[in-house]
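Text of input.txt, listed as compact mmCIF, C-alpha atoms:
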# COMPACT_ATOMS: atom_id res chain seq x y z
CA MET A 1 49.31 -31.52 -12.22
CA SER A 2 46.04 -33.16 -11.30
CA SER A 3 43.17 -33.47 -13.73
CA LYS A 4 40.76 -32.69 -10.93
CA ASN A 5 39.18 -29.29 -10.90
CA SER A 6 41.16 -26.94 -8.74
CA ASN A 7 38.42 -26.12 -6.29
CA LEU A 8 38.82 -24.97 -2.73
CA GLU A 9 36.26 -26.56 -0.43
CA VAL A 10 35.71 -25.65 3.20
CA LYS A 11 33.77 -28.07 5.39
CA GLY A 12 32.56 -27.33 8.90
CA LEU A 13 35.24 -24.76 9.58
CA THR A 14 35.27 -23.26 13.07
CA ILE A 15 37.85 -20.66 13.98
CA SER A 16 38.33 -18.59 17.08
CA ARG A 17 40.72 -15.92 18.25
CA ASN A 18 41.47 -15.03 21.84
CA GLU A 19 38.86 -17.43 23.18
CA GLN A 20 36.17 -15.85 21.02
CA VAL A 21 34.53 -17.89 18.30
CA LEU A 22 34.66 -15.96 15.02
CA LEU A 23 33.17 -18.47 12.60
CA GLU A 24 31.27 -21.59 13.54
CA SER A 25 31.06 -24.68 11.34
CA ILE A 26 30.78 -22.93 8.00
CA ASP A 27 30.82 -24.61 4.61
CA LEU A 28 32.22 -22.67 1.69
CA SER A 29 33.10 -23.53 -1.84
CA PHE A 30 35.36 -21.62 -4.20
CA THR A 31 35.20 -23.12 -7.66
CA SER A 32 37.90 -22.71 -10.24
CA GLY A 33 37.51 -19.72 -12.50
CA THR A 34 35.70 -17.57 -9.94
CA ILE A 35 36.41 -14.40 -8.03
CA THR A 36 35.06 -14.22 -4.49
CA HIS A 37 34.61 -11.02 -2.57
CA LEU A 38 34.68 -11.42 1.21
CA PHE A 39 33.21 -8.55 3.09
CA GLY A 40 32.13 -7.64 6.57
CA GLU A 41 32.90 -5.08 9.24
CA ASN A 42 36.26 -4.84 10.97
CA GLY A 43 36.80 -7.72 13.31
CA ALA A 44 34.26 -9.95 11.60
CA GLY A 45 36.95 -12.50 10.90
CA LYS A 46 37.84 -11.89 7.24
CA THR A 47 41.56 -11.99 7.83
CA SER A 48 41.26 -14.92 10.23
CA LEU A 49 39.27 -16.86 7.63
CA MET A 50 41.92 -16.15 5.01
CA ARG A 51 44.73 -17.14 7.34
CA ALA A 52 42.87 -20.34 8.22
CA LEU A 53 42.46 -21.13 4.50
CA ALA A 54 46.17 -20.52 3.98
CA GLY A 55 46.95 -22.90 6.82
CA LEU A 56 48.51 -20.23 9.02
CA LEU A 57 45.80 -20.16 11.66
CA ASN A 58 44.89 -23.29 13.54
CA GLN A 59 41.25 -24.14 13.10
CA ASP A 60 39.22 -25.53 15.98
CA ALA A 61 37.26 -27.85 13.72
CA GLY A 62 36.65 -28.50 10.08
CA GLN A 63 38.77 -29.12 7.05
CA VAL A 64 39.93 -27.32 3.94
CA PHE A 65 40.26 -29.27 0.70
CA TRP A 66 42.17 -28.30 -2.41
CA ARG A 67 41.81 -30.38 -5.58
CA GLY A 68 39.89 -32.86 -3.45
CA PHE A 69 42.72 -33.41 -0.99
CA LYS A 70 43.26 -31.91 2.43
CA THR A 71 45.46 -28.86 2.05
CA SER A 72 48.14 -30.45 4.23
CA HIS A 73 48.23 -33.52 1.96
CA PRO A 74 51.24 -33.59 -0.39
CA GLU A 75 49.02 -34.56 -3.36
CA ALA A 76 47.16 -31.28 -3.00
CA ASN A 77 50.36 -29.38 -3.85
CA PHE A 78 48.77 -26.58 -1.90
CA SER A 79 51.92 -24.78 -0.80
CA ASN A 80 52.95 -24.42 -4.42
CA ASP A 81 49.54 -23.37 -5.71
CA LEU A 82 48.68 -20.82 -3.05
CA LEU A 83 49.68 -17.18 -3.23
CA PHE A 84 48.66 -15.32 -0.09
CA LEU A 85 49.19 -11.57 0.10
CA ALA A 86 48.62 -10.19 3.57
CA HIS A 87 48.68 -6.68 5.01
CA ASN A 88 52.35 -6.90 5.72
CA LEU A 89 54.20 -7.00 2.45
CA ALA A 90 56.74 -9.65 3.47
CA MET A 91 59.55 -8.05 1.48
CA LYS A 92 63.06 -7.64 2.83
CA HIS A 93 64.15 -4.03 3.09
CA GLU A 94 67.79 -4.95 2.53
CA LEU A 95 67.16 -6.56 -0.85
CA SER A 96 66.37 -4.89 -4.15
CA ILE A 97 62.95 -5.23 -5.76
CA ALA A 98 64.25 -7.74 -8.29
CA GLU A 99 65.97 -9.84 -5.61
CA ASN A 100 62.84 -9.96 -3.47
CA LEU A 101 60.66 -11.03 -6.39
CA GLN A 102 63.17 -13.56 -7.70
CA PHE A 103 63.45 -15.19 -4.29
CA TYR A 104 59.72 -15.83 -3.98
CA ALA A 105 59.51 -17.21 -7.50
CA ALA A 106 62.54 -19.41 -6.81
CA LEU A 107 60.79 -20.86 -3.76
CA ARG A 108 58.18 -22.15 -6.17
CA GLY A 109 60.94 -23.59 -8.31
CA LYS A 110 60.53 -20.97 -11.01
CA ALA A 111 63.45 -18.93 -12.29
CA VAL A 112 62.27 -15.44 -13.16
CA SER A 113 64.38 -13.47 -15.60
CA LEU A 114 65.06 -9.80 -15.18
CA SER A 115 63.17 -9.03 -18.38
CA GLU A 116 60.01 -10.67 -17.02
CA ILE A 117 60.27 -8.51 -13.92
CA LYS A 118 60.87 -5.45 -16.10
CA THR A 119 57.70 -6.12 -18.07
CA VAL A 120 55.55 -6.24 -14.94
CA ALA A 121 57.34 -3.29 -13.42
CA SER A 122 56.73 -1.15 -16.48
CA GLU A 123 53.03 -2.01 -16.34
CA LEU A 124 53.06 -0.79 -12.77
CA ARG A 125 55.34 2.17 -13.59
CA ILE A 126 58.10 1.16 -11.19
CA GLU A 127 60.62 -0.09 -13.78
CA SER A 128 63.16 2.61 -12.96
CA LEU A 129 63.36 1.41 -9.36
CA LEU A 130 64.24 -2.24 -9.89
CA GLU A 131 67.78 -2.00 -8.55
CA ARG A 132 66.78 0.06 -5.54
CA HIS A 133 66.52 -1.45 -2.09
CA PHE A 134 62.96 -2.10 -1.03
CA ALA A 135 63.34 0.28 1.94
CA GLU A 136 63.90 3.24 -0.38
CA LEU A 137 60.46 3.01 -2.01
CA SER A 138 57.32 4.85 -1.02
CA ALA A 139 54.49 2.90 0.59
CA GLY A 140 52.50 2.82 -2.64
CA GLN A 141 55.47 1.62 -4.66
CA GLN A 142 56.15 -1.09 -2.08
CA HIS A 143 52.57 -2.25 -2.43
CA LYS A 144 53.00 -2.45 -6.20
CA VAL A 145 56.08 -4.62 -5.80
CA SER A 146 54.15 -7.05 -3.68
CA LEU A 147 51.33 -7.11 -6.28
CA SER A 148 53.76 -7.98 -9.06
CA ARG A 149 54.24 -11.35 -7.37
CA LEU A 150 50.78 -12.25 -8.71
CA VAL A 151 52.04 -12.14 -12.27
CA LEU A 152 55.50 -13.59 -11.72
CA GLU A 153 54.56 -16.70 -9.77
CA ASN A 154 52.52 -19.46 -11.30
CA ALA A 155 50.01 -19.95 -8.49
CA LYS A 156 46.51 -21.36 -8.93
CA LEU A 157 44.84 -19.77 -5.92
CA TRP A 158 45.11 -16.14 -4.87
CA ILE A 159 44.09 -15.11 -1.39
CA LEU A 160 44.42 -11.35 -1.17
CA ASP A 161 43.81 -9.37 1.98
CA GLU A 162 42.71 -5.81 1.10
CA PRO A 163 44.65 -5.68 -2.18
CA PHE A 164 42.95 -2.50 -3.39
CA VAL A 165 43.65 -0.35 -0.37
CA ASN A 166 45.85 2.72 -1.04
CA LEU A 167 46.13 2.05 -4.76
CA ASP A 168 45.85 4.74 -7.43
CA SER A 169 43.10 4.26 -10.01
CA GLN A 170 45.47 3.03 -12.74
CA THR A 171 46.84 0.29 -10.51
CA ARG A 172 43.33 -0.63 -9.38
CA ASP A 173 42.37 -1.21 -13.00
CA TRP A 174 45.56 -3.18 -13.57
CA LEU A 175 44.81 -5.40 -10.59
CA SER A 176 41.16 -6.00 -11.51
CA HIS A 177 42.22 -6.96 -15.03
CA LYS A 178 44.83 -9.35 -13.72
CA MET A 179 42.26 -10.90 -11.39
CA MET A 180 39.78 -11.41 -14.24
CA ASP A 181 42.48 -12.82 -16.55
CA PHE A 182 43.51 -15.20 -13.81
CA ALA A 183 39.93 -16.37 -13.23
CA ALA A 184 39.51 -16.83 -16.98
CA LYS A 185 42.49 -19.19 -16.87
CA SER A 186 40.58 -21.20 -14.23
CA GLY A 187 42.36 -19.68 -11.24
CA VAL A 188 40.60 -19.08 -7.93
CA VAL A 189 40.61 -15.59 -6.40
CA ILE A 190 39.47 -14.73 -2.89
CA PHE A 191 39.84 -11.12 -1.78
CA THR A 192 38.57 -8.72 0.84
CA SER A 193 37.65 -5.13 0.24
CA HIS A 194 35.53 -2.53 1.95
CA GLN A 195 34.65 -0.71 -1.26
CA ALA A 196 33.03 -1.99 -4.40
CA ILE A 197 35.51 -2.22 -7.27
CA ASP A 198 34.35 -0.77 -10.59
CA GLY A 199 34.76 -3.01 -13.56
CA LEU A 200 35.61 -6.13 -11.59
CA LYS A 201 33.37 -9.09 -12.34
CA ILE A 202 32.66 -10.85 -9.06
CA HIS A 203 31.15 -14.33 -9.11
CA GLN A 204 30.53 -14.87 -5.43
CA LYS A 205 30.02 -12.56 -2.49
CA ILE A 206 30.40 -13.78 1.05
CA SER A 207 29.41 -11.63 3.96
CA LEU A 208 30.80 -12.30 7.40
CA THR A 209 28.74 -10.84 10.19
CA HIS A 210 30.12 -10.32 13.61
CA ASP A 211 27.33 -11.04 16.06
CA GLU A 212 25.66 -14.15 14.73
CA ASP A 213 28.69 -15.68 13.06
CA GLU A 214 26.39 -16.32 10.19
CA VAL A 215 27.57 -16.67 6.66
CA MET A 216 25.47 -15.90 3.65
CA ALA A 217 26.76 -17.00 0.32
CA MET B 218 64.31 -25.35 -2.14
CA PHE B 219 66.73 -25.63 0.77
CA VAL B 220 69.50 -24.02 -1.26
CA THR B 221 67.19 -21.12 -2.16
CA LEU B 222 66.35 -20.57 1.49
CA LEU B 223 69.98 -20.78 2.57
CA LYS B 224 71.10 -18.37 -0.16
CA ARG B 225 68.51 -15.87 0.95
CA GLU B 226 69.63 -16.03 4.59
CA LEU B 227 73.26 -15.57 3.59
CA MET B 228 72.42 -12.70 1.25
CA LEU B 229 70.48 -10.95 4.02
CA ALA B 230 73.37 -11.54 6.40
CA ARG B 231 75.79 -9.99 3.91
CA ARG B 232 73.61 -6.88 3.61
CA ASN B 233 73.48 -6.69 7.42
CA TRP B 234 77.19 -7.28 7.88
CA VAL B 235 77.57 -4.61 10.58
CA ALA B 236 74.97 -6.28 12.75
CA ILE B 237 76.66 -9.63 12.14
CA LEU B 238 80.06 -8.30 13.27
CA ILE B 239 78.78 -6.93 16.58
CA PRO B 240 78.54 -10.33 18.38
CA LEU B 241 82.03 -11.16 17.15
CA PHE B 242 83.44 -7.94 18.61
CA PHE B 243 81.46 -8.57 21.76
CA PHE B 244 83.14 -11.98 22.04
CA ILE B 245 86.61 -10.47 21.67
CA MET B 246 85.93 -7.59 24.04
CA VAL B 247 84.39 -9.64 26.84
CA VAL B 248 87.39 -11.93 26.92
CA SER B 249 89.84 -9.04 26.74
CA LEU B 250 88.26 -7.46 29.83
CA PHE B 251 89.48 -10.28 32.05
CA PRO B 252 93.21 -9.48 32.03
CA PHE B 253 92.26 -5.96 33.14
CA ALA B 254 89.74 -6.99 35.75
CA VAL B 255 91.31 -10.05 37.30
CA SER B 256 95.03 -10.25 36.89
CA PRO B 257 97.45 -10.02 33.99
CA GLU B 258 99.50 -12.94 35.33
CA ALA B 259 99.90 -15.58 32.65
CA GLU B 260 99.55 -18.54 34.97
CA PHE B 261 96.29 -17.32 36.42
CA LEU B 262 94.81 -16.29 33.09
CA GLN B 263 95.62 -19.67 31.65
CA GLN B 264 93.68 -21.31 34.44
CA ILE B 265 90.49 -19.33 33.88
CA ALA B 266 90.81 -19.23 30.07
CA PRO B 267 88.57 -22.25 29.25
CA GLY B 268 85.66 -20.91 31.27
CA VAL B 269 86.04 -17.32 30.12
CA ILE B 270 86.27 -18.17 26.42
CA TRP B 271 83.30 -20.51 26.60
CA VAL B 272 81.05 -18.14 28.56
CA ALA B 273 81.88 -15.36 26.12
CA ALA B 274 81.10 -17.59 23.12
CA LEU B 275 77.79 -18.54 24.69
CA LEU B 276 76.77 -14.92 25.31
CA ALA B 277 77.87 -13.86 21.82
CA THR B 278 75.66 -16.58 20.33
CA LEU B 279 72.67 -15.40 22.37
CA LEU B 280 73.30 -11.85 21.20
CA SER B 281 73.24 -12.81 17.54
CA LEU B 282 70.02 -14.86 17.62
CA ASP B 283 67.67 -11.93 17.21
CA LEU B 284 68.96 -11.09 13.73
CA PHE B 285 67.84 -14.31 12.12
CA TYR B 286 64.33 -14.61 13.46
CA ARG B 287 63.04 -11.21 14.55
CA GLY B 288 63.08 -9.40 11.20
CA ASP B 289 61.30 -12.14 9.26
CA TYR B 290 58.66 -12.40 11.97
CA GLN B 291 57.98 -8.67 11.99
CA ASP B 292 57.74 -8.00 8.26
CA GLY B 293 55.62 -11.07 7.52
CA SER B 294 58.30 -12.91 5.52
CA LEU B 295 58.18 -15.77 8.00
CA GLU B 296 54.52 -16.40 7.11
CA GLN B 297 55.38 -16.52 3.44
CA LEU B 298 58.30 -18.88 4.04
CA LEU B 299 56.13 -21.21 6.08
CA ILE B 300 53.38 -21.21 3.44
CA MET B 301 55.75 -22.11 0.63
CA ALA B 302 58.39 -24.27 2.31
CA SER B 303 58.29 -26.92 4.99
CA PRO B 304 58.83 -25.54 8.52
CA THR B 305 61.73 -27.91 9.13
CA GLN B 306 63.53 -26.69 6.03
CA VAL B 307 62.98 -23.07 7.02
CA ALA B 308 64.30 -23.84 10.51
CA PHE B 309 67.33 -25.72 9.27
CA SER B 310 68.29 -23.09 6.71
CA LYS B 311 68.11 -20.39 9.35
CA VAL B 312 70.20 -22.30 11.87
CA LEU B 313 72.82 -23.24 9.30
CA ALA B 314 73.12 -19.67 8.03
CA HIS B 315 73.23 -18.41 11.62
CA TRP B 316 76.09 -20.73 12.47
CA LEU B 317 78.00 -20.00 9.26
CA VAL B 318 78.00 -16.25 9.78
CA THR B 319 78.24 -16.05 13.59
CA GLY B 320 79.37 -19.40 15.04
CA LEU B 321 82.14 -20.19 12.60
CA PRO B 322 83.74 -16.71 12.93
CA LEU B 323 83.86 -17.24 16.70
CA VAL B 324 85.86 -20.43 16.13
CA LEU B 325 88.15 -18.64 13.68
CA VAL B 326 89.00 -15.67 15.92
CA SER B 327 89.40 -17.78 19.05
CA PRO B 328 93.20 -18.30 18.56
CA LEU B 329 93.55 -14.54 19.06
CA LEU B 330 91.87 -14.88 22.43
CA ALA B 331 93.94 -17.94 23.28
CA GLY B 332 96.99 -15.71 22.92
CA LEU B 333 95.38 -13.02 25.03
CA MET B 334 94.58 -15.48 27.82
CA HIS B 335 98.05 -17.12 27.65
CA LEU B 336 96.46 -20.47 26.90
CA ASN B 337 99.78 -21.94 25.78
CA TYR B 338 101.84 -20.64 28.71
CA ALA B 339 104.37 -23.16 30.04
CA PRO B 340 106.49 -22.24 33.07
CA ASP B 341 109.10 -24.94 32.70
CA ARG B 342 110.55 -25.18 29.25
CA GLU B 343 111.40 -28.84 29.76
CA LEU B 344 108.02 -29.81 28.43
CA LEU B 345 107.61 -29.73 24.71
CA ASP B 346 105.84 -26.69 23.37
CA PRO B 347 102.33 -27.14 24.60
CA ASN B 348 99.71 -26.22 22.04
CA HIS B 349 96.20 -26.08 23.35
CA THR B 350 94.81 -23.77 20.66
CA PRO B 351 93.67 -26.49 18.20
CA VAL B 352 91.93 -28.33 21.04
CA MET B 353 90.08 -25.17 22.02
CA MET B 354 89.05 -24.56 18.41
CA LEU B 355 87.84 -28.11 18.08
CA SER B 356 85.71 -27.80 21.22
CA LEU B 357 84.18 -24.58 19.88
CA LEU B 358 83.65 -26.15 16.48
CA LEU B 359 81.63 -28.96 18.03
CA GLY B 360 79.89 -26.77 20.61
CA THR B 361 78.80 -23.63 18.77
CA PRO B 362 76.40 -25.40 16.34
CA THR B 363 74.56 -26.82 19.35
CA LEU B 364 74.38 -23.34 20.83
CA CYS B 365 72.80 -22.10 17.59
CA LEU B 366 70.30 -24.98 17.47
CA LEU B 367 69.16 -24.63 21.07
CA GLY B 368 69.07 -20.85 20.84
CA ALA B 369 66.83 -21.12 17.79
CA VAL B 370 64.35 -23.22 19.77
CA GLY B 371 64.10 -20.56 22.46
CA MET B 372 63.99 -17.74 19.95
CA SER B 373 61.20 -19.23 17.88
CA LEU B 374 59.17 -20.12 20.96
CA SER B 375 59.30 -16.56 22.22
CA LEU B 376 58.81 -14.71 18.91
CA GLY B 377 55.25 -13.78 19.76
CA ALA B 378 56.12 -12.39 23.17
CA SER B 379 57.20 -8.81 23.57
CA ARG B 380 60.62 -7.95 25.02
CA ASN B 381 61.76 -11.37 23.96
CA GLY B 382 65.49 -10.72 24.08
CA MET B 383 65.70 -11.22 27.81
CA LEU B 384 63.15 -14.01 27.78
CA VAL B 385 65.27 -16.05 25.39
CA ALA B 386 68.33 -15.57 27.60
CA VAL B 387 66.49 -16.79 30.68
CA MET B 388 64.94 -19.73 28.85
CA ILE B 389 67.99 -20.90 26.99
CA LEU B 390 70.92 -20.31 29.34
CA PRO B 391 70.06 -23.30 31.57
CA LEU B 392 70.06 -25.51 28.47
CA TYR B 393 73.49 -24.20 27.54
CA VAL B 394 74.99 -25.43 30.81
CA PRO B 395 75.93 -28.98 29.65
CA ILE B 396 77.66 -27.61 26.57
CA LEU B 397 79.49 -25.08 28.72
CA ILE B 398 80.60 -27.80 31.14
CA PHE B 399 81.92 -30.19 28.51
CA GLY B 400 83.27 -27.46 26.26
CA SER B 401 85.45 -25.94 28.95
CA ALA B 402 86.27 -29.41 30.32
CA VAL B 403 87.87 -30.27 26.98
CA ILE B 404 90.28 -27.34 27.28
CA THR B 405 90.90 -27.88 31.00
CA ALA B 406 91.79 -31.52 30.35
CA SER B 407 94.15 -30.45 27.60
CA LEU B 408 95.80 -27.95 29.97
CA ALA B 409 96.29 -30.76 32.51
CA ASN B 410 97.91 -32.83 29.75
CA SER B 411 95.34 -35.54 30.21
CA GLY B 412 93.04 -37.08 27.64
CA TYR B 413 90.16 -34.99 26.38
CA ASN B 414 88.61 -37.36 23.84
CA ALA B 415 85.74 -38.36 26.13
CA GLN B 416 84.65 -34.75 26.63
CA LEU B 417 84.92 -34.06 22.90
CA ALA B 418 82.89 -37.16 22.16
CA ILE B 419 80.12 -36.00 24.49
CA LEU B 420 80.10 -32.56 22.85
CA GLY B 421 79.77 -34.30 19.48
CA ALA B 422 77.01 -36.54 20.79
CA ILE B 423 75.04 -33.56 22.08
CA LEU B 424 75.47 -31.89 18.70
CA LEU B 425 74.17 -34.92 16.80
CA PHE B 426 71.25 -35.28 19.16
CA ALA B 427 70.31 -31.61 18.78
CA LEU B 428 70.84 -31.74 15.02
CA VAL B 429 68.27 -34.50 14.65
CA LEU B 430 65.60 -33.23 17.02
CA THR B 431 65.68 -29.45 17.20
CA PRO B 432 64.87 -28.57 13.55
CA PHE B 433 61.43 -30.16 14.00
CA ALA B 434 60.92 -28.32 17.27
CA ILE B 435 62.02 -25.02 15.75
CA GLY B 436 59.76 -25.53 12.73
CA ARG B 437 56.73 -26.26 14.89
CA ALA B 438 57.51 -23.30 17.16
CA LEU B 439 57.81 -20.96 14.15
CA LYS B 440 54.46 -22.23 12.91
CA VAL B 441 52.89 -21.49 16.29
CA ALA B 442 54.51 -18.05 16.37
CA VAL B 443 52.80 -16.91 13.16
CA SER B 444 49.36 -18.33 13.99

Structure encoded using structure tokens:
Amino acid sequence: MSSKNSNLEVKGLTISRNEQVLLESIDLSFTSGTITHLFGENGAGKTSLMRALAGLLNQDAGQVFWRGFKTSHPEANFSNDLLFLAHNLAMKHELSIAENLQFYAALRGKAVSLSEIKTVASELRIESLLERHFAELSAGQQHKVSLSRLVLENAKLWILDEPFVNLDSQTRDWLSHKMMDFAAKSGVVIFTSHQAIDGLKIHQKISLTHDEDEVMA
Amino acid sequence: MFVTLLKRELMLARRNWVAILIPLFFFIMVVSLFPFAVSPEAEFLQQIAPGVIWVAALLATLLSLDLFYRGDYQDGSLEQLLIMASPTQVAFSKVLAHWLVTGLPLVLVSPLLAGLMHLNYAPDRELLDPNHTPVMMLSLLLGTPTLCLLGAVGMSLSLGASRNGMLVAVMILPLYVPILIFGSAVITASLANSGYNAQLAILGAILLFALVLTPFAIGRALKVAVS
């Protein structure tokens, strides 16, 4: 849409939760075509930072820019470019896998055909379950459904909270490949993980420490 | 975008049809308790009918609110909706779907309750057949959307709080009072064979006012709930 580089810039961001300051005036930059690994102990503010980037958490100070515009600015087209996968899978138990996935793609104005969904599902080995209700799947299968959104929706920025947790090794490989493909097509990936991921090329590591609220890039 | 959101709400409602029917049965049953509890005399029932039907409609609306907001909040869908769509659109699609599957059915089954409460009873046959049922339906048609809009404000404000079912009732019932007053006044005026246009007009005015302002309030409140 815009010829500008799709970079995510964070300037002077301060966020707090329950009266406690988690991050104080930090500057971060996520350039297009890079994968960023956020790490830090539990409670260091990884999830809060991600939610603040996604615009879900109110920040005390600072601004987030996407394509050079504030993320709330219509020109930034941020709501259409962002794909945020949180701990909760945000899928409706009453709907089938295909219906859930088609709805989210439709919100971005993209009609996803059943064959597209089948292709992703067969890569993730859940193609036989497409007509099932989401509630009938195992936890791992549900996680895979939520990951298939990455491929089906044409986002430019992925913010993934613990995407590798509870995945079998095949799906881990699938996900790291998708992340690298996406970065190669000048996407921006930000993810958290407690373990190192084999075979995933990471361009930037950001450590959040709890006591000093200090960020080292 | 709005159509996508509305379709999703309606599809979810269809899958949850049992839960959707419960408030409707509640509405019917609450009203049908009155002939047993008070008196089966037609004249007396007719007198209390406007109040009874309106109070029951109000409680049934409160009962159905949870369905449309609670689930999305708990499974994280609300976050996703608010990331990808504007909060006002999310709010409006939810309220519209809520009214279509719970408010409108209340209006449609109300003639049954009018019969039960002898709304059209006339002791002296000299008068022409009185028919108060359409007036009652009209008052409900104008009033129930406002109930849905105001209820959604309370519901979205209290999403983050635990045990929010009761909290919503306490917060919202006082705001329902004007609608209750004018809604039942419409039917009472019709029973007295006097004009009821003024009361209907006020109900309509309240609806328009709520329609313009509450979607913004609901959207902001939903945004606060997920943060």

Quick one: contact table of chain A to chain B, 7 Å max, nearest atom pair and distance in Å to one decimal per residue, counting only C-alpha atoms, chain and number order, as a tab-separated table?
residue	atom	partner	partner_atom	distance
A:Leu56	CA	B:Ser444	CA	5.4
A:Leu57	CA	B:Ser444	CA	4.6
A:Asn58	CA	B:Ser444	CA	6.7
A:Ser79	CA	B:Met301	CA	4.9
A:Asn80	CA	B:Met301	CA	6.2
A:Asn88	CA	B:Gly293	CA	5.6
A:Leu89	CA	B:Gly293	CA	6.7
A:Ala90	CA	B:Ser294	CA	4.2
A:Met91	CA	B:Ser294	CA	6.4
A:Glu94	CA	B:Arg232	CA	6.2
A:Ala106	CA	B:Thr221	CA	6.8
A:Leu107	CA	B:Met218	CA	5.9

Review point. Pick from A:Asp60, A:Glu99, A:Asp181, A:Glu123: nearest to Thr34 in chain A, with all atoms listed in the file counted?
Key: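 Checking each candidate against Thr34 in chain A, we get A:Asp181 as the closest.
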
Review point. If you measure from CA of Gly187 in chain A to CA of Ala155 in chain A, what distance in Å do you get, rounded to one decimal?
Key: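 Straight-line distance from CA of Gly187 in chain A to CA of Ala155 in chain A works out to 8.1 Å.
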
Check your understanding: So how many Å separate CA of Phe253 in chain B and CA of Pro240 in chain B, to one decimal?
Key ->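 Between CA of Phe253 in chain B and CA of Pro240 in chain B the gap works out to 20.6 Å.
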
Exercise for review: Could you pull out every residue with an atom within 12 Å of (84.8, -8.4, 28.2), file coordinates, counting all atoms listed in the file, and send them as a list in words?
Suggested key: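 Applying the cut-off with all atoms listed in the file, one gets Pro240, Leu241, Phe242, Phe243, Phe244, Ile245, Met246, Val247, Val248, Ser249, Leu250, Phe251, Pro252, Phe253, Ala254, Val255, Val269, Ile270, Val272, Ala273, Ala274, Leu276, Ala277, Leu330 and Leu333 of chain B.
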
Go ahead and save the residues from that selection, with C-alpha atoms, as an mmCIF file, in the frame of the given file.
data_model
loop_
_atom_site.group_PDB
_atom_site.id
_atom_site.type_symbol
_atom_site.label_atom_id
_atom_site.label_comp_id
_atom_site.auth_asym_id
_atom_site.auth_seq_id
_atom_site.Cartn_x
_atom_site.Cartn_y
_atom_site.Cartn_z
ATOM 1 C CA PRO B 240 78.540 -10.330 18.380
ATOM 2 C CA LEU B 241 82.030 -11.160 17.150
ATOM 3 C CA PHE B 242 83.440 -7.940 18.610
ATOM 4 C CA PHE B 243 81.460 -8.570 21.760
ATOM 5 C CA PHE B 244 83.140 -11.980 22.040
ATOM 6 C CA ILE B 245 86.610 -10.470 21.670
ATOM 7 C CA MET B 246 85.930 -7.590 24.040
ATOM 8 C CA VAL B 247 84.390 -9.640 26.840
ATOM 9 C CA VAL B 248 87.390 -11.930 26.920
ATOM 10 C CA SER B 249 89.840 -9.040 26.740
ATOM 11 C CA LEU B 250 88.260 -7.460 29.830
ATOM 12 C CA PHE B 251 89.480 -10.280 32.050
ATOM 13 C CA PRO B 252 93.210 -9.480 32.030
ATOM 14 C CA PHE B 253 92.260 -5.960 33.140
ATOM 15 C CA ALA B 254 89.740 -6.990 35.750
ATOM 16 C CA VAL B 255 91.310 -10.050 37.300
ATOM 17 C CA VAL B 269 86.040 -17.320 30.120
ATOM 18 C CA ILE B 270 86.270 -18.170 26.420
ATOM 19 C CA VAL B 272 81.050 -18.140 28.560
ATOM 20 C CA ALA B 273 81.880 -15.360 26.120
ATOM 21 C CA ALA B 274 81.100 -17.590 23.120
ATOM 22 C CA LEU B 276 76.770 -14.920 25.310
ATOM 23 C CA ALA B 277 77.870 -13.860 21.820
ATOM 24 C CA LEU B 330 91.870 -14.880 22.430
ATOM 25 C CA LEU B 333 95.380 -13.020 25.030
#

Review point. By how many Å are CA of Ser186 in chain A and CA of Trp66 in chain A apart?
Key: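 These two atoms are separated by 13.9 Å.
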
Point to revise | 9 Å contact set for Leu313 in chain B, all atoms listed in the file, chain neighbours under 6 positions out, as number ranges by chain | key: B: 223, 362, 365-366

**Study point:** Nearest residue to Lys92 in chain A from the set A:Gln141, A:Thr192, A:Ser146, A:Ser207 (distances using all atoms listed in the file)
**Key:**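 Ranking A:Gln141, A:Thr192, A:Ser146, A:Ser207 by distance to Lys92 in chain A, first place goes to A:Ser146.
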
Practice item. With a distance cut-off of 7 Å and all atoms listed in the file, select the neighbouring residues of Thr36 in chain A, excluding the residue or stretch itself and same-chain residues fewer than 3 positions from it, and output the selection as a list in words. Key: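 Those residues are Val189, Ile190, Phe191, Ile202, His203, Gln204 and Lys205 of chain A.
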
Check your understanding: Pro328 in chain B: which residues within 9 Å, counting all atoms listed in the file, same-chain residues fewer than 3 positions away excluded, as a list in words?
Key -> Val324, Leu325, Ala331, Gly332, Leu333, Thr350, Pro351, Met353 and Met354 of chain B

Point to revise | Nearest candidate to Ala386 in chain B (options B:Leu359, B:Leu424, B:Ala236, B:Leu279; using all atoms listed in the file) | key: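 The answer is B:Leu279, which sits nearest to Ala386 in chain B.
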
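Residues surrounding Gly62 in chain A within 7 Å are Lys11, Gly12, Leu13, Thr14 and Ser25 of chain A [all atoms listed in the file; sequence separation below 2 positions excluded].
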
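The shortest atom-to-atom distance to Val318 in chain B, with all atoms listed in the file taken into account, belongs to B:Thr361 out of B:Thr431, B:Ser373, B:Thr361, B:Ser379.
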
Check your understanding: So which residues are close to (75.8, -26.5, 18.2), meaning at most 10 Å away in the file's coordinates with only C-alpha atoms counted, and can you show them as a ChimeraX atom specification?
Key -> /B:312-313,316,320,357-368,393,396,420-421,423-428

Review point. Given the choices B:Leu408, B:Leu355, B:Val385, B:Leu390, which gets closest to Leu323 in chain B if the distance is worked out from all atoms listed in the file?
Key: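 With all atoms listed in the file as the atom set, the closest residue is B:Leu355.
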
Review point. Can you list, as a list of chain:residue names, every protein, DNA or RNA residue that comes within 12 Å of Pro347 in chain B when you count all atoms listed in the file, leaving out same-chain residues fewer than 5 positions away?
Key: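 The residues satisfying every condition are B:His335, B:Leu336, B:Asn337, B:Tyr338, B:Ala339, B:Pro340, B:Asp341, B:Arg342, B:Val352, B:Ser407, B:Leu408, B:Ala409, B:Asn410.
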